[in-house]
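Input: a single structure, listed below in structure tokens.
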Amino acid sequence: MSAVAVLLDILSWALLMAGAAFSLVGGIGLLRLPDLFTRMHGAGLIDTLGAGLILIGLMLQGGASLVTVKLILILLFIFFTSPTATHALAKAALHGGLKPLLEQREDKPSKS
Amino acid sequence: MMFAAASLGILVTMALALARAFLGPTVYDRILAVNAFGTKTVLLVAVFGFLTERPDFLDIALLYALINFVSTIAVLKFFEYRDLGHPGQEPGES
């Protein structure tokens, strides 16, 4: 095993683990954030950094071959469709009467 | 080994997304969770192909990404207008 292969393996490990960690954080956010519009933030983390880092880590393992081309296609496709789907979801939710959860401002005059 | 660890992380995330899909509470939460679940499925299929040393699975992952996007848009349109053949927003409607 040459030094370059070892280096690529280590880099691939790091990217895959970082992608899995970002996915986990996104999943926890999806479960624990308070309303739909904040949960979209967690789903965005899964779709961008989670998917991106894992696919780039796989590309390093694939080398210069058709496999890498397919991985790039998947990555491009996810990068184009995920914001579109999220935008459509937000529009449909607003159209359906769902309002973002906003904290009450503190500078309102109190009732005292 | 690294593929096994990565697929474990993906599987846990899928379980979390599935929990959100079951908990709801609105239909949009469920759609969001199912969309995230689909993205994770694409990644799981890709990683699993490398894990079993058969990267031909990537074709399936690509196709799954396509179907996931189209189905999300279709379900959203159905729940927005209650009709898949609806022309969308009429001009003048806010």
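Chain labels follow the order of the structure tokens: the first chain is A, the next B, and so on; residue numbering restarts at 1 in every chain, and ligands are counted from 1 in their shown order.
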
Hey, which bits of chain B sit within 7 Å of chain A, and for each residue what's the closest pair of atoms and how far apart in Å (one decimal), counting only C-alpha atoms, rows by chain and increasing number, as a Markdown table?
| residue | atom | partner | partner_atom | distance |
| --- | --- | --- | --- | --- |
| B:Met2 | CA | A:Trp13 | CA | 6.0 |
| B:Ala6 | CA | A:Ala20 | CA | 5.7 |
| B:Gly9 | CA | A:Ala20 | CA | 5.1 |
| B:Ile10 | CA | A:Ala20 | CA | 6.2 |
| B:Thr13 | CA | A:Gly27 | CA | 5.1 |
| B:Leu16 | CA | A:Gly27 | CA | 5.5 |
| B:Ala17 | CA | A:Gly27 | CA | 6.0 |
| B:Arg20 | CA | A:Leu31 | CA | 5.5 |
| B:Tyr28 | CA | A:Ala93 | CA | 6.4 |
| B:Asp29 | CA | A:Leu36 | CA | 5.9 |
| B:Ala36 | CA | A:Ala43 | CA | 6.0 |
| B:Thr39 | CA | A:Asp47 | CA | 6.8 |
| B:Leu43 | CA | A:Ala51 | CA | 6.7 |
| B:Pro55 | CA | A:Val67 | CA | 6.7 |
| B:Leu58 | CA | A:Lys70 | CA | 6.7 |
| B:Leu62 | CA | A:Ile74 | CA | 5.6 |
| B:Phe69 | CA | A:Thr81 | CA | 6.4 |
| B:Thr72 | CA | A:Ala85 | CA | 6.9 |
| B:Ile73 | CA | A:Ala85 | CA | 6.5 |
| B:Leu76 | CA | A:Leu89 | CA | 6.6 |
| B:Glu80 | CA | A:Ala92 | CA | 5.4 |

Go ahead and save the picked residues with C-alpha atoms, as an mmCIF file, in the first residue's frame.
data_model
loop_
_atom_site.group_PDB
_atom_site.id
_atom_site.type_symbol
_atom_site.label_atom_id
_atom_site.label_comp_id
_atom_site.auth_asym_id
_atom_site.auth_seq_id
_atom_site.Cartn_x
_atom_site.Cartn_y
_atom_site.Cartn_z
ATOM 1 C CA MET B 2 -15.159 3.039 7.412
ATOM 2 C CA ALA B 6 -20.678 5.649 8.038
ATOM 3 C CA GLY B 9 -24.425 6.887 11.383
ATOM 4 C CA ILE B 10 -26.773 7.093 8.406
ATOM 5 C CA THR B 13 -30.191 9.440 11.360
ATOM 6 C CA LEU B 16 -34.467 9.900 13.988
ATOM 7 C CA ALA B 17 -36.149 11.115 10.777
ATOM 8 C CA ARG B 20 -40.243 12.738 13.398
ATOM 9 C CA TYR B 28 -45.676 19.198 6.485
ATOM 10 C CA ASP B 29 -43.463 17.870 9.293
ATOM 11 C CA ALA B 36 -34.839 13.719 4.664
ATOM 12 C CA THR B 39 -31.960 11.590 1.043
ATOM 13 C CA LEU B 43 -26.593 7.882 0.789
ATOM 14 C CA PRO B 55 -20.534 0.102 -6.628
ATOM 15 C CA LEU B 58 -24.984 3.759 -7.509
ATOM 16 C CA LEU B 62 -29.322 8.003 -8.625
ATOM 17 C CA PHE B 69 -37.678 14.572 -5.491
ATOM 18 C CA THR B 72 -42.026 15.047 -2.614
ATOM 19 C CA ILE B 73 -43.178 17.700 -5.090
ATOM 20 C CA LEU B 76 -46.754 18.729 -1.597
ATOM 21 C CA GLU B 80 -51.529 22.352 -1.060
#

Enumerate the residues of chain A with a DSSP assignment of helix (DSSP H, G or I), computed from the backbone, and present them as a VMD selection string. chain A and resid 3 to 32 36 to 62 66 to 95

For those residues, write C-alpha atoms to a file as a CSV table (one decimal), in the first residue's frame.
chain,number,residue,atom,x,y,z
A,3,ALA,CA,1.7,6.4,0.9
A,4,VAL,CA,-0.8,8.1,-1.4
A,5,ALA,CA,-3.3,5.3,-0.9
A,6,VAL,CA,-2.9,5.6,2.9
A,7,LEU,CA,-3.3,9.3,2.7
A,8,LEU,CA,-6.5,9.0,0.6
A,9,ASP,CA,-7.9,6.4,3.0
A,10,ILE,CA,-7.3,8.7,6.0
A,11,LEU,CA,-8.9,11.6,4.2
A,12,SER,CA,-11.8,9.4,3.1
A,13,TRP,CA,-12.3,8.3,6.8
A,14,ALA,CA,-12.3,11.9,8.0
A,15,LEU,CA,-14.8,13.0,5.3
A,16,LEU,CA,-17.1,10.0,5.9
A,17,MET,CA,-17.1,10.5,9.7
A,18,ALA,CA,-17.7,14.2,9.4
A,19,GLY,CA,-20.6,13.6,7.0
A,20,ALA,CA,-22.1,11.0,9.4
A,21,ALA,CA,-21.7,13.4,12.3
A,22,PHE,CA,-23.4,16.3,10.4
A,23,SER,CA,-26.2,13.8,9.5
A,24,LEU,CA,-26.6,12.9,13.1
A,25,VAL,CA,-26.7,16.5,14.2
A,26,GLY,CA,-29.3,17.2,11.5
A,27,GLY,CA,-31.4,14.2,12.6
A,28,ILE,CA,-31.3,15.3,16.2
A,29,GLY,CA,-32.4,18.8,15.1
A,30,LEU,CA,-35.2,17.3,13.0
A,31,LEU,CA,-36.5,15.6,16.1
A,32,ARG,CA,-36.0,18.2,18.8
A,36,LEU,CA,-41.6,23.2,11.1
A,37,PHE,CA,-39.6,26.1,9.9
A,38,THR,CA,-36.8,25.4,12.4
A,39,ARG,CA,-36.9,21.7,11.6
A,40,MET,CA,-36.2,22.6,7.9
A,41,HIS,CA,-32.9,23.9,9.1
A,42,GLY,CA,-32.0,20.4,10.5
A,43,ALA,CA,-33.1,18.8,7.2
A,44,GLY,CA,-31.0,21.3,5.3
A,45,LEU,CA,-27.9,20.2,7.3
A,46,ILE,CA,-28.6,16.6,6.2
A,47,ASP,CA,-29.0,17.5,2.6
A,48,THR,CA,-26.0,19.8,2.2
A,49,LEU,CA,-23.1,18.9,4.5
A,50,GLY,CA,-24.2,15.4,5.4
A,51,ALA,CA,-24.7,14.3,1.9
A,52,GLY,CA,-21.9,16.4,0.4
A,53,LEU,CA,-19.1,15.2,2.8
A,54,ILE,CA,-20.2,11.5,2.6
A,55,LEU,CA,-20.3,11.6,-1.3
A,56,ILE,CA,-17.0,13.3,-1.5
A,57,GLY,CA,-15.5,10.7,0.8
A,58,LEU,CA,-16.9,8.0,-1.4
A,59,MET,CA,-15.4,9.8,-4.5
A,60,LEU,CA,-11.9,9.5,-3.0
A,61,GLN,CA,-12.5,5.7,-2.7
A,62,GLY,CA,-13.9,5.4,-6.2
A,66,LEU,CA,-17.3,5.8,-13.8
A,67,VAL,CA,-18.2,5.4,-10.1
A,68,THR,CA,-16.9,8.9,-9.4
A,69,VAL,CA,-18.9,10.3,-12.3
A,70,LYS,CA,-22.1,8.7,-10.9
A,71,LEU,CA,-21.3,10.1,-7.4
A,72,ILE,CA,-20.8,13.6,-8.9
A,73,LEU,CA,-24.2,13.2,-10.6
A,74,ILE,CA,-25.9,12.2,-7.4
A,75,LEU,CA,-24.2,15.2,-5.6
A,76,LEU,CA,-25.3,17.7,-8.2
A,77,PHE,CA,-28.8,16.3,-8.3
A,78,ILE,CA,-29.2,16.5,-4.5
A,79,PHE,CA,-27.7,20.1,-4.5
A,80,PHE,CA,-30.3,21.2,-7.1
A,81,THR,CA,-33.4,19.4,-5.8
A,82,SER,CA,-33.1,19.8,-2.1
A,83,PRO,CA,-33.5,23.6,-2.0
A,84,THR,CA,-36.3,23.3,-4.5
A,85,ALA,CA,-38.2,20.8,-2.4
A,86,THR,CA,-37.6,22.8,0.8
A,87,HIS,CA,-38.8,26.0,-0.9
A,88,ALA,CA,-42.0,24.2,-2.2
A,89,LEU,CA,-42.5,22.8,1.4
A,90,ALA,CA,-42.2,26.2,3.0
A,91,LYS,CA,-44.6,27.7,0.4
A,92,ALA,CA,-47.1,24.9,0.9
A,93,ALA,CA,-46.9,25.2,4.6
A,94,LEU,CA,-47.5,29.0,4.5
A,95,HIS,CA,-50.3,28.5,2.0

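Distance-wise, CA of Ile31 (chain B) and CA of Glu103 (chain A) end up 25.2 Å apart.
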
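Interatomic distance, CA of Lys40 (chain B) against CA of Val27 (chain B): 20.0 Å.
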
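By chain and then residue number, the residues within 12 Å of Leu84 (chain B) are B:Ser71, B:Ile73, B:Ala74, B:Val75, B:Leu76, B:Lys77, B:Phe78, B:Phe79, B:Glu80, B:Tyr81, B:Pro87, B:Gly88, counting only C-alpha atoms and disregarding those fewer than 3 positions away in sequence.
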
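Closest to Val42 (chain B) among B:Ala19, B:Arg82, B:Ser7, B:Gly24 is B:Ser7, based on only C-alpha atoms.
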
In Å to one decimal, how far is CA of Ala4 (chain B) from CA of Leu51 (chain B)? 6.7 Å

Tell me which protein, DNA and RNA residues are within 12 Å of Ile60 (chain B), counting only C-alpha atoms, leaving out same-chain ones fewer than 3 positions away, and put them as a PyMOL selection string. (chain A and resi 70-71+74) or (chain B and resi 41-49+54-57+63-68)
